[in-house]
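Chemist: Okay, handing you the structure first.
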Amino acid sequence: MQLLSFVDITLRRWQRYGEVRRELATYTDRELDDMGLRRSDIPQIAREAAALIMPATDTAAQPQFAKVAHS
């Protein structure tokens, strides 16, 4: 099970890295400068965003309770 968890998190981090990199690449140099960034910062920012992805918790083992509004 650990192997599947490792593969899952690796794929999700790789996906997030690509998303962030593509998004930031669409900005002009002027827009990046307005955000305090340079084009050369994009890979590092994408790596940092990918590193924030945490392993999924096993939600099947946790009971789910619906919130009920009381009147």
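Labeling convention for the structure tokens: chains A, B, ... as they appear, residues from 1 per chain, ligands from 1 in order of appearance.
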Would you pick out the contacts of range 40-52 of chain A at 7 Å or less, using only C-alpha atoms, so that residues sharing its chain but fewer than 3 positions from it are not included, and give the list as a compact mmCIF listing (two decimals) with C-alpha atoms, in the first residue's frame?

Modeler:
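File written: part_31.txt
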```txt
# COMPACT_ATOMS: atom_id res chain seq x y z
CA ARG A 13 2.84 16.74 -7.12
CA TRP A 14 3.99 16.43 -10.73
CA ARG A 16 0.59 20.60 -9.52
CA TYR A 17 4.12 21.50 -10.65
CA VAL A 20 1.68 26.26 -11.61
CA ARG A 21 4.46 26.44 -14.16
CA LEU A 24 2.91 31.55 -14.40
CA LEU A 37 8.82 37.72 -9.62
```

Chemist: Given the choices A:Thr28, A:Glu23, A:Pro55, A:Asp34, which gets closest to Asp8 in chain A if the distance is worked out from only C-alpha atoms?

Modeler: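 Selected residue with least distance to Asp8 in chain A: A:Pro55.
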
Chemist: Can you measure CA of Met54 in chain A to CA of Thr10 in chain A for me? One decimal in Å is fine.

Modeler: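 Rounded to one decimal, the two atoms are 9.9 Å apart.
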
Chemist: Which residues are close to Asp29 in chain A, i.e. within 8 Å by only C-alpha atoms, leaving aside same-chain residues fewer than 4 positions away? Reply as a list in words.

Modeler: Asp33, Arg38 and Arg39 of chain A

Chemist: For the residues in the current selection, export N, CA and C atoms as an mmCIF file, in the first residue's frame.

Modeler:
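File written: part-v5.cif
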```
data_model
loop_
_atom_site.group_PDB
_atom_site.id
_atom_site.type_symbol
_atom_site.label_atom_id
_atom_site.label_comp_id
_atom_site.auth_asym_id
_atom_site.auth_seq_id
_atom_site.Cartn_x
_atom_site.Cartn_y
_atom_site.Cartn_z
ATOM 1 N N ASP A 33 6.802 41.023 -12.885
ATOM 2 C CA ASP A 33 7.507 42.053 -12.131
ATOM 3 C C ASP A 33 6.575 42.726 -11.124
ATOM 4 N N ARG A 38 10.494 37.058 -11.171
ATOM 5 C CA ARG A 38 11.167 37.034 -12.462
ATOM 6 C C ARG A 38 10.859 35.708 -13.122
ATOM 7 N N ARG A 39 10.984 35.649 -14.414
ATOM 8 C CA ARG A 39 10.693 34.417 -15.138
ATOM 9 C C ARG A 39 11.552 33.258 -14.626
#
```

Chemist: Using CA of Ala56 in chain A and CA of Glu19 in chain A as the two end points, give the distance in Å to one decimal.

Modeler: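 A separation of 19.1 Å between them.
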